[in-house]
>>> print(open('coords13.cif').read())   # mmCIF, C-alpha atoms
data_work
#
loop_
_atom_site.group_PDB
_atom_site.id
_atom_site.type_symbol
_atom_site.label_atom_id
_atom_site.label_comp_id
_atom_site.auth_asym_id
_atom_site.auth_seq_id
_atom_site.Cartn_x
_atom_site.Cartn_y
_atom_site.Cartn_z
ATOM 1 C CA MET A 1 -33.953 6.915 -31.386
ATOM 2 C CA ASP A 2 -30.878 8.799 -30.080
ATOM 3 C CA ARG A 3 -28.736 6.808 -27.606
ATOM 4 C CA ALA A 4 -28.509 9.746 -25.215
ATOM 5 C CA VAL A 5 -32.299 9.941 -25.038
ATOM 6 C CA VAL A 6 -32.626 6.318 -23.961
ATOM 7 C CA ASN A 7 -32.331 6.070 -20.181
ATOM 8 C CA ILE A 8 -32.139 3.135 -17.820
ATOM 9 C CA VAL A 9 -32.730 2.945 -14.104
ATOM 10 C CA ASP A 10 -29.546 2.780 -12.047
ATOM 11 C CA PHE A 11 -30.360 -0.072 -9.660
ATOM 12 C CA HIS A 12 -27.007 0.252 -7.868
ATOM 13 C CA GLN A 13 -28.158 3.531 -6.328
ATOM 14 C CA ARG A 14 -31.539 1.952 -5.456
ATOM 15 C CA SER A 15 -33.306 5.084 -6.531
ATOM 16 C CA MET A 16 -35.336 6.268 -9.473
ATOM 17 C CA THR A 17 -32.426 8.344 -10.785
ATOM 18 C CA CYS A 18 -31.969 7.768 -14.512
ATOM 19 C CA VAL A 19 -28.602 7.728 -16.233
ATOM 20 C CA SER A 20 -27.735 7.687 -19.921
ATOM 21 C CA ASN A 21 -26.382 4.567 -21.606
ATOM 22 C CA GLU A 22 -22.982 6.247 -21.975
ATOM 23 C CA ASP A 23 -22.708 6.723 -18.181
ATOM 24 C CA VAL A 24 -23.213 2.981 -17.761
ATOM 25 C CA SER A 25 -20.969 1.835 -20.604
ATOM 26 C CA HIS A 26 -18.068 4.289 -20.047
ATOM 27 C CA LEU A 27 -16.863 3.817 -16.476
ATOM 28 C CA LYS A 28 -14.481 6.468 -15.146
ATOM 29 C CA VAL A 29 -11.438 5.368 -13.141
ATOM 30 C CA LYS A 30 -8.560 7.156 -11.447
ATOM 31 C CA PHE A 31 -4.982 5.868 -11.155
ATOM 32 C CA ILE A 32 -3.000 7.154 -8.170
ATOM 33 C CA ILE A 33 0.686 6.635 -8.874
ATOM 34 C CA GLU A 34 3.207 6.827 -6.030
ATOM 35 C CA GLY A 35 5.768 9.530 -6.741
ATOM 36 C CA ALA A 36 4.111 10.664 -9.984
ATOM 37 C CA GLY A 37 0.533 11.868 -9.415
ATOM 38 C CA GLN A 38 -2.888 10.944 -10.757
ATOM 39 C CA ALA A 39 -4.255 9.976 -14.158
ATOM 40 C CA GLU A 40 -7.785 9.348 -15.405
ATOM 41 C CA GLY A 41 -9.117 6.638 -17.627
ATOM 42 C CA GLU A 42 -12.314 5.056 -18.757
ATOM 43 C CA LEU A 43 -13.270 1.423 -19.023
ATOM 44 C CA ILE A 44 -15.613 0.751 -21.928
ATOM 45 C CA ARG A 45 -17.939 -2.132 -21.053
ATOM 46 C CA PHE A 46 -18.519 -3.552 -24.524
ATOM 47 C CA LEU A 47 -14.782 -4.195 -24.970
ATOM 48 C CA ALA A 48 -14.703 -6.883 -22.240
ATOM 49 C CA PRO A 49 -17.943 -6.784 -20.197
ATOM 50 C CA ARG A 50 -17.306 -9.737 -17.851
ATOM 51 C CA THR A 51 -13.767 -8.611 -17.019
ATOM 52 C CA ILE A 52 -14.757 -4.963 -16.523
ATOM 53 C CA ASP A 53 -17.742 -5.844 -14.323
ATOM 54 C CA TYR A 54 -15.520 -8.011 -12.126
ATOM 55 C CA ILE A 55 -12.818 -5.337 -11.871
ATOM 56 C CA MET A 56 -15.353 -2.604 -11.021
ATOM 57 C CA ARG A 57 -16.775 -4.747 -8.195
ATOM 58 C CA LYS A 58 -13.261 -5.196 -6.738
ATOM 59 C CA LEU A 59 -12.259 -1.512 -6.794
ATOM 60 C CA PRO A 60 -10.325 0.071 -5.214
ATOM 61 C CA MET A 61 -7.270 -2.110 -5.850
ATOM 62 C CA GLU A 62 -3.559 -1.487 -5.722
ATOM 63 C CA GLY A 63 -0.362 -3.231 -6.645
ATOM 64 C CA ARG A 64 3.344 -2.744 -7.217
ATOM 65 C CA ALA A 65 4.364 -1.445 -10.627
ATOM 66 C CA ALA A 66 6.452 -3.430 -13.053
ATOM 67 C CA ILE A 67 7.793 -1.974 -16.300
ATOM 68 C CA TRP A 68 8.046 -3.816 -19.617
ATOM 69 C CA LYS A 69 9.176 -1.778 -22.618
ATOM 70 C CA GLU A 70 6.650 1.127 -22.745
ATOM 71 C CA GLU A 71 4.081 -0.545 -20.516
ATOM 72 C CA VAL A 72 3.359 -0.303 -16.799
ATOM 73 C CA TYR A 73 1.560 -3.240 -15.243
ATOM 74 C CA PHE A 74 0.639 -4.377 -11.758
ATOM 75 C CA GLU A 75 -0.826 -7.581 -10.426
ATOM 76 C CA ILE A 76 -4.419 -7.431 -9.197
ATOM 77 C CA PRO A 77 -6.403 -10.062 -7.254
ATOM 78 C CA ILE A 78 -8.363 -11.222 -10.298
ATOM 79 C CA LYS A 79 -8.001 -14.552 -12.060
ATOM 80 C CA MET A 80 -9.838 -14.622 -15.394
ATOM 81 C CA GLY A 81 -9.228 -15.982 -18.837
ATOM 82 C CA GLU A 82 -9.036 -13.958 -22.013
ATOM 83 C CA GLU A 83 -12.058 -11.960 -23.143
ATOM 84 C CA LYS A 84 -11.871 -10.677 -26.712
ATOM 85 C CA ALA A 85 -8.075 -10.662 -26.273
ATOM 86 C CA LYS A 86 -5.850 -8.862 -28.762
ATOM 87 C CA PRO A 87 -2.108 -9.170 -29.480
ATOM 88 C CA ILE A 88 -1.842 -5.495 -30.576
ATOM 89 C CA VAL A 89 -2.846 -2.344 -28.652
ATOM 90 C CA GLU A 90 -2.805 1.418 -29.176
ATOM 91 C CA THR A 91 -0.919 3.938 -27.052
ATOM 92 C CA GLY A 92 -3.009 4.821 -23.989
ATOM 93 C CA THR A 93 -4.741 1.440 -23.787
ATOM 94 C CA ILE A 94 -5.798 0.012 -20.413
ATOM 95 C CA ALA A 95 -5.867 -3.791 -20.557
ATOM 96 C CA PHE A 96 -6.040 -6.921 -18.413
ATOM 97 C CA TRP A 97 -3.247 -9.455 -18.940
ATOM 98 C CA PRO A 98 -4.682 -12.877 -18.034
ATOM 99 C CA MET A 99 -1.295 -14.636 -18.031
ATOM 100 C CA GLY A 100 0.009 -12.307 -15.312
ATOM 101 C CA SER A 101 -3.302 -11.452 -13.591
ATOM 102 C CA ALA A 102 -2.294 -7.846 -14.134
ATOM 103 C CA LEU A 103 -3.737 -4.509 -15.154
ATOM 104 C CA CYS A 104 -1.643 -2.869 -17.880
ATOM 105 C CA VAL A 105 -1.286 0.662 -19.208
ATOM 106 C CA PHE A 106 0.500 1.059 -22.541
ATOM 107 C CA TYR A 107 2.025 4.555 -22.549
ATOM 108 C CA GLY A 108 4.173 4.082 -25.655
ATOM 109 C CA LYS A 109 4.375 2.058 -28.826
ATOM 110 C CA SER A 110 5.249 -1.299 -27.252
ATOM 111 C CA GLN A 111 2.957 -4.288 -27.635
ATOM 112 C CA PRO A 112 1.853 -6.881 -25.066
ATOM 113 C CA TYR A 113 4.014 -9.882 -24.220
ATOM 114 C CA SER A 114 0.948 -12.057 -24.917
ATOM 115 C CA PRO A 115 -2.689 -11.236 -25.810
ATOM 116 C CA VAL A 116 -4.561 -8.911 -23.449
ATOM 117 C CA SER A 117 -8.225 -8.130 -22.863
ATOM 118 C CA ILE A 118 -8.620 -4.479 -23.829
ATOM 119 C CA LEU A 119 -10.615 -2.587 -21.199
ATOM 120 C CA GLY A 120 -10.433 1.072 -22.170
ATOM 121 C CA LYS A 121 -8.063 4.012 -22.398
ATOM 122 C CA ILE A 122 -6.277 6.662 -20.372
ATOM 123 C CA THR A 123 -8.102 9.982 -20.853
ATOM 124 C CA SER A 124 -5.758 12.356 -19.003
ATOM 125 C CA ASN A 125 -2.137 12.466 -17.824
ATOM 126 C CA LEU A 126 -0.894 9.464 -19.848
ATOM 127 C CA ASP A 127 2.654 10.881 -19.609
ATOM 128 C CA LEU A 128 2.701 10.165 -15.853
ATOM 129 C CA PHE A 129 3.154 6.484 -16.645
ATOM 130 C CA LYS A 130 6.560 7.294 -18.215
ATOM 131 C CA GLN A 131 7.690 8.418 -14.726
ATOM 132 C CA VAL A 132 6.591 5.270 -12.875
ATOM 133 C CA LYS A 133 9.415 3.509 -11.044
ATOM 134 C CA SER A 134 9.458 -0.264 -10.731
ATOM 135 C CA GLY A 135 7.984 -1.204 -7.351
ATOM 136 C CA ALA A 136 5.952 2.006 -6.960
ATOM 137 C CA THR A 137 2.423 1.568 -5.634
ATOM 138 C CA ILE A 138 -0.378 2.144 -8.138
ATOM 139 C CA ARG A 139 -3.968 2.365 -6.944
ATOM 140 C CA ILE A 140 -7.007 2.276 -9.216
ATOM 141 C CA GLU A 141 -10.391 3.487 -7.989
ATOM 142 C CA SER A 142 -13.710 4.271 -9.583
ATOM 143 C CA MET A 143 -14.756 7.887 -9.833
ATOM 144 C CA PRO A 144 -18.111 9.517 -10.438
ATOM 145 C CA ALA A 145 -18.711 10.293 -14.118
ATOM 146 C CA GLU A 146 -18.935 14.033 -13.427
ATOM 147 C CA GLN A 147 -15.610 14.204 -11.504
ATOM 148 C CA HIS A 148 -12.527 15.087 -13.561
ATOM 149 C CA LEU A 149 -8.951 15.899 -12.611
ATOM 150 C CA GLU A 150 -7.492 19.329 -13.198
ATOM 151 C CA GLY A 151 -4.801 19.649 -15.863
#
>>> encode(input="coords13.cif", output="structure tokens")
Amino acid sequence: MDRAVVNIVDFHQRSMTCVSNEDVSHLKVKFIIEGAGQAEGELIRFLAPRTIDYIMRKLPMEGRAAIWKEEVYFEIPIKMGEEKAKPIVETGTIAFWPMGSALCVFYGKSQPYSPVSILGKITSNLDLFKQVKSGATIRIESMPAEQHLEG
């Protein structure tokens, strides 16, 4: 049976509206970066389900940017251990760094300081993270699956 055909009831809306499995497993987020603009990403539940569920319940969150090589990270109020942590990531990866209680975006070829729980990827405006200044405010919020940024 095709995945898109299988529907589940969205209990969070407390209605009988059905959503596809992809809407539930690919969670859209928006990063609002002080002095740079906005970027979109998606968190993919199967990569780190416990961590992603906890983060989604805490949104919106914001922190002050720190830069390490070609990575922007900011501390968030979440304390969790590693979940399927990896020492190597791809460009565009969104990850949680347990050692620093931080959300990370890898905009270049650099690798994490220590293993990270991979959460998803940036889907638009990855280049904005190259413009982030240390100390800038970054806010992450959830966004409806059908909402997308222009450009």
>>> closest_residue(input="coords13.cif", among="A:Val24, A:Gly100, A:Ile122, A:Pro77", to="Pro60 in chain A", atoms="all atoms listed in the file")
A:Pro77
>>> closest_atom_pairs(input="coords13.cif", of="range 93-128 of chain A", to="range 48-52 of chain A", cutoff="10 Å", atoms="only C-alpha atoms", output="JSON lines")
{"residue": "A:Ala95", "atom": "CA", "partner": "A:Ala48", "partner_atom": "CA", "distance": 9.5}
{"residue": "A:Phe96", "atom": "CA", "partner": "A:Thr51", "partner_atom": "CA", "distance": 8.0}
{"residue": "A:Ser117", "atom": "CA", "partner": "A:Ala48", "partner_atom": "CA", "distance": 6.6}
{"residue": "A:Ile118", "atom": "CA", "partner": "A:Ala48", "partner_atom": "CA", "distance": 6.7}
{"residue": "A:Leu119", "atom": "CA", "partner": "A:Ala48", "partner_atom": "CA", "distance": 6.0}
{"residue": "A:Gly120", "atom": "CA", "partner": "A:Ala48", "partner_atom": "CA", "distance": 9.0}
>>> closest_residue(input="coords13.cif", among="A:Gly135, A:Gly41, A:Pro115, A:Pro98", to="Val72 in chain A", atoms="all atoms listed in the file")
A:Gly135
>>> closest_residue(input="coords13.cif", among="A:Ala102, A:Ser124, A:Val29, A:Ile94", to="Lys79 in chain A", atoms="only C-alpha atoms")
A:Ala102
>>> closest_residue(input="coords13.cif", among="A:Met99, A:Glu62, A:Lys69, A:Pro87", to="Phe31 in chain A", atoms="all atoms listed in the file")
A:Glu62
>>> residues_around(input="coords13.cif", residues="Lys58 in chain A", least_positions_apart="5", cutoff="10 Å", atoms="all atoms listed in the file", output="MDAnalysis selection string")
chainID A and resid 52:53 76:78 141:142
>>> resolve_selection(input="coords13.cif", expression="the PyMOL selection byres ((chain A and resi 110) around 8)", output="PyMOL selection string")
chain A and resi 69-71+106+108-109+111-112
>>> residues_near_point(input="coords13.cif", point="(6.2, 8.6, -9.1)", cutoff="6 Å", atoms="all atoms listed in the file", output="PyMOL selection string")
chain A and resi 33-36+131-132
>>> axis_aligned_box(input="coords13.cif", around="range 100-116 of chain A", padding_each_side="3 Å", output="AutoDock Vina command-line options")
--center_x 0.3 --center_y -3.9 --center_z -21.2 --size_x 15.8 --size_y 22.9 --size_z 21.2
>>> atom_distance(input="coords13.cif", atom1="CA of Ser101 in chain A", atom2="CA of Met80 in chain A")
7.5 Å
>>> atom_distance(input="coords13.cif", atom1="CA of Ala66 in chain A", atom2="CA of Tyr113 in chain A")
13.1 Å
>>> closest_residue(input="coords13.cif", among="A:Phe46, A:Leu103, A:Tyr54, A:Ile67", to="Lys133 in chain A", atoms="all atoms listed in the file")
A:Ile67
>>> closest_residue(input="coords13.cif", among="A:Cys104, A:Val116, A:Leu27, A:Met56", to="Glu83 in chain A", atoms="all atoms listed in the file")
A:Val116
>>> atom_distance(input="coords13.cif", atom1="CA of Val105 in chain A", atom2="CA of Glu90 in chain A")
10.1 Å
>>> residues_near_point(input="coords13.cif", point="(-7.8, 11.9, -22.7)", cutoff="12 Å", atoms="only C-alpha atoms", output="ChimeraX atom specification")
/A:28,39-42,91-93,120-127,148-149,151
>>> build_atoms(input="coords13.cif", residues="range 66-98 of chain A", atoms="N, CA and C atoms", output="PDB file, in the frame of the given file")
ATOM      1  N   ALA A  66       5.366  -2.800 -12.301  1.00  0.00           N
ATOM      2  CA  ALA A  66       6.452  -3.430 -13.053  1.00  0.00           C
ATOM      3  C   ALA A  66       6.465  -2.731 -14.412  1.00  0.00           C
ATOM      4  N   ILE A  67       7.638  -2.655 -15.019  1.00  0.00           N
ATOM      5  CA  ILE A  67       7.793  -1.974 -16.300  1.00  0.00           C
ATOM      6  C   ILE A  67       8.238  -2.999 -17.331  1.00  0.00           C
ATOM      7  N   TRP A  68       7.617  -2.985 -18.495  1.00  0.00           N
ATOM      8  CA  TRP A  68       8.046  -3.816 -19.617  1.00  0.00           C
ATOM      9  C   TRP A  68       7.947  -2.982 -20.865  1.00  0.00           C
ATOM     10  N   LYS A  69       9.102  -2.674 -21.465  1.00  0.00           N
ATOM     11  CA  LYS A  69       9.176  -1.778 -22.618  1.00  0.00           C
ATOM     12  C   LYS A  69       8.453  -0.465 -22.282  1.00  0.00           C
ATOM     13  N   GLU A  70       7.396  -0.112 -23.029  1.00  0.00           N
ATOM     14  CA  GLU A  70       6.650   1.127 -22.745  1.00  0.00           C
ATOM     15  C   GLU A  70       5.267   0.776 -22.192  1.00  0.00           C
ATOM     16  N   GLU A  71       5.290  -0.067 -21.179  1.00  0.00           N
ATOM     17  CA  GLU A  71       4.081  -0.545 -20.516  1.00  0.00           C
ATOM     18  C   GLU A  71       4.333  -0.597 -19.018  1.00  0.00           C
ATOM     19  N   VAL A  72       3.343  -0.146 -18.252  1.00  0.00           N
ATOM     20  CA  VAL A  72       3.359  -0.303 -16.799  1.00  0.00           C
ATOM     21  C   VAL A  72       2.267  -1.310 -16.484  1.00  0.00           C
ATOM     22  N   TYR A  73       2.587  -2.290 -15.650  1.00  0.00           N
ATOM     23  CA  TYR A  73       1.560  -3.240 -15.243  1.00  0.00           C
ATOM     24  C   TYR A  73       1.710  -3.550 -13.768  1.00  0.00           C
ATOM     25  N   PHE A  74       0.602  -3.988 -13.157  1.00  0.00           N
ATOM     26  CA  PHE A  74       0.639  -4.377 -11.758  1.00  0.00           C
ATOM     27  C   PHE A  74      -0.382  -5.472 -11.528  1.00  0.00           C
ATOM     28  N   GLU A  75       0.035  -6.440 -10.708  1.00  0.00           N
ATOM     29  CA  GLU A  75      -0.826  -7.581 -10.426  1.00  0.00           C
ATOM     30  C   GLU A  75      -2.028  -7.142  -9.602  1.00  0.00           C
ATOM     31  N   ILE A  76      -3.189  -7.692  -9.941  1.00  0.00           N
ATOM     32  CA  ILE A  76      -4.419  -7.431  -9.197  1.00  0.00           C
ATOM     33  C   ILE A  76      -5.023  -8.773  -8.796  1.00  0.00           C
ATOM     34  N   PRO A  77      -5.866  -8.792  -7.754  1.00  0.00           N
ATOM     35  CA  PRO A  77      -6.403 -10.062  -7.254  1.00  0.00           C
ATOM     36  C   PRO A  77      -7.577 -10.593  -8.088  1.00  0.00           C
ATOM     37  N   ILE A  78      -7.333 -10.726  -9.390  1.00  0.00           N
ATOM     38  CA  ILE A  78      -8.363 -11.222 -10.298  1.00  0.00           C
ATOM     39  C   ILE A  78      -7.759 -12.309 -11.171  1.00  0.00           C
ATOM     40  N   LYS A  79      -8.417 -13.436 -11.205  1.00  0.00           N
ATOM     41  CA  LYS A  79      -8.001 -14.552 -12.060  1.00  0.00           C
ATOM     42  C   LYS A  79      -9.114 -14.775 -13.063  1.00  0.00           C
ATOM     43  N   MET A  80      -8.858 -14.449 -14.317  1.00  0.00           N
ATOM     44  CA  MET A  80      -9.838 -14.622 -15.394  1.00  0.00           C
ATOM     45  C   MET A  80      -9.094 -14.997 -16.660  1.00  0.00           C
ATOM     46  N   GLY A  81      -9.792 -15.674 -17.532  1.00  0.00           N
ATOM     47  CA  GLY A  81      -9.228 -15.982 -18.837  1.00  0.00           C
ATOM     48  C   GLY A  81      -9.348 -14.790 -19.772  1.00  0.00           C
ATOM     49  N   GLU A  82      -8.959 -15.009 -21.003  1.00  0.00           N
ATOM     50  CA  GLU A  82      -9.036 -13.958 -22.013  1.00  0.00           C
ATOM     51  C   GLU A  82     -10.488 -13.647 -22.346  1.00  0.00           C
ATOM     52  N   GLU A  83     -10.752 -12.384 -22.659  1.00  0.00           N
ATOM     53  CA  GLU A  83     -12.058 -11.960 -23.143  1.00  0.00           C
ATOM     54  C   GLU A  83     -11.818 -11.001 -24.309  1.00  0.00           C
ATOM     55  N   LYS A  84     -12.098 -11.462 -25.493  1.00  0.00           N
ATOM     56  CA  LYS A  84     -11.871 -10.677 -26.712  1.00  0.00           C
ATOM     57  C   LYS A  84     -10.418 -10.196 -26.774  1.00  0.00           C
ATOM     58  N   ALA A  85      -9.487 -11.044 -26.384  1.00  0.00           N
ATOM     59  CA  ALA A  85      -8.075 -10.662 -26.273  1.00  0.00           C
ATOM     60  C   ALA A  85      -7.464 -10.299 -27.622  1.00  0.00           C
ATOM     61  N   LYS A  86      -6.539  -9.355 -27.568  1.00  0.00           N
ATOM     62  CA  LYS A  86      -5.850  -8.862 -28.762  1.00  0.00           C
ATOM     63  C   LYS A  86      -4.334  -8.890 -28.532  1.00  0.00           C
ATOM     64  N   PRO A  87      -3.568  -9.180 -29.597  1.00  0.00           N
ATOM     65  CA  PRO A  87      -2.108  -9.170 -29.480  1.00  0.00           C
ATOM     66  C   PRO A  87      -1.498  -7.793 -29.740  1.00  0.00           C
ATOM     67  N   ILE A  88      -2.320  -6.834 -30.215  1.00  0.00           N
ATOM     68  CA  ILE A  88      -1.842  -5.495 -30.576  1.00  0.00           C
ATOM     69  C   ILE A  88      -2.730  -4.459 -29.890  1.00  0.00           C
ATOM     70  N   VAL A  89      -2.101  -3.409 -29.328  1.00  0.00           N
ATOM     71  CA  VAL A  89      -2.846  -2.344 -28.652  1.00  0.00           C
ATOM     72  C   VAL A  89      -2.361  -0.980 -29.138  1.00  0.00           C
ATOM     73  N   GLU A  90      -3.167   0.034 -28.864  1.00  0.00           N
ATOM     74  CA  GLU A  90      -2.805   1.418 -29.176  1.00  0.00           C
ATOM     75  C   GLU A  90      -2.203   2.079 -27.941  1.00  0.00           C
ATOM     76  N   THR A  91      -1.442   3.139 -28.154  1.00  0.00           N
ATOM     77  CA  THR A  91      -0.919   3.938 -27.052  1.00  0.00           C
ATOM     78  C   THR A  91      -2.085   4.465 -26.217  1.00  0.00           C
ATOM     79  N   GLY A  92      -1.962   4.352 -24.890  1.00  0.00           N
ATOM     80  CA  GLY A  92      -3.009   4.821 -23.989  1.00  0.00           C
ATOM     81  C   GLY A  92      -3.989   3.744 -23.573  1.00  0.00           C
ATOM     82  N   THR A  93      -3.823   2.536 -24.093  1.00  0.00           N
ATOM     83  CA  THR A  93      -4.741   1.440 -23.787  1.00  0.00           C
ATOM     84  C   THR A  93      -4.592   0.968 -22.342  1.00  0.00           C
ATOM     85  N   ILE A  94      -5.738   0.709 -21.706  1.00  0.00           N
ATOM     86  CA  ILE A  94      -5.798   0.012 -20.413  1.00  0.00           C
ATOM     87  C   ILE A  94      -6.244  -1.403 -20.746  1.00  0.00           C
ATOM     88  N   ALA A  95      -5.539  -2.405 -20.225  1.00  0.00           N
ATOM     89  CA  ALA A  95      -5.867  -3.791 -20.557  1.00  0.00           C
ATOM     90  C   ALA A  95      -5.668  -4.694 -19.343  1.00  0.00           C
ATOM     91  N   PHE A  96      -6.261  -5.884 -19.413  1.00  0.00           N
ATOM     92  CA  PHE A  96      -6.040  -6.921 -18.413  1.00  0.00           C
ATOM     93  C   PHE A  96      -5.229  -8.014 -19.084  1.00  0.00           C
ATOM     94  N   TRP A  97      -4.134  -8.420 -18.421  1.00  0.00           N
ATOM     95  CA  TRP A  97      -3.247  -9.455 -18.940  1.00  0.00           C
ATOM     96  C   TRP A  97      -3.528 -10.744 -18.166  1.00  0.00           C
ATOM     97  N   PRO A  98      -4.307 -11.657 -18.750  1.00  0.00           N
ATOM     98  CA  PRO A  98      -4.682 -12.877 -18.034  1.00  0.00           C
ATOM     99  C   PRO A  98      -3.484 -13.716 -17.566  1.00  0.00           C
TER     100      PRO A  98
END
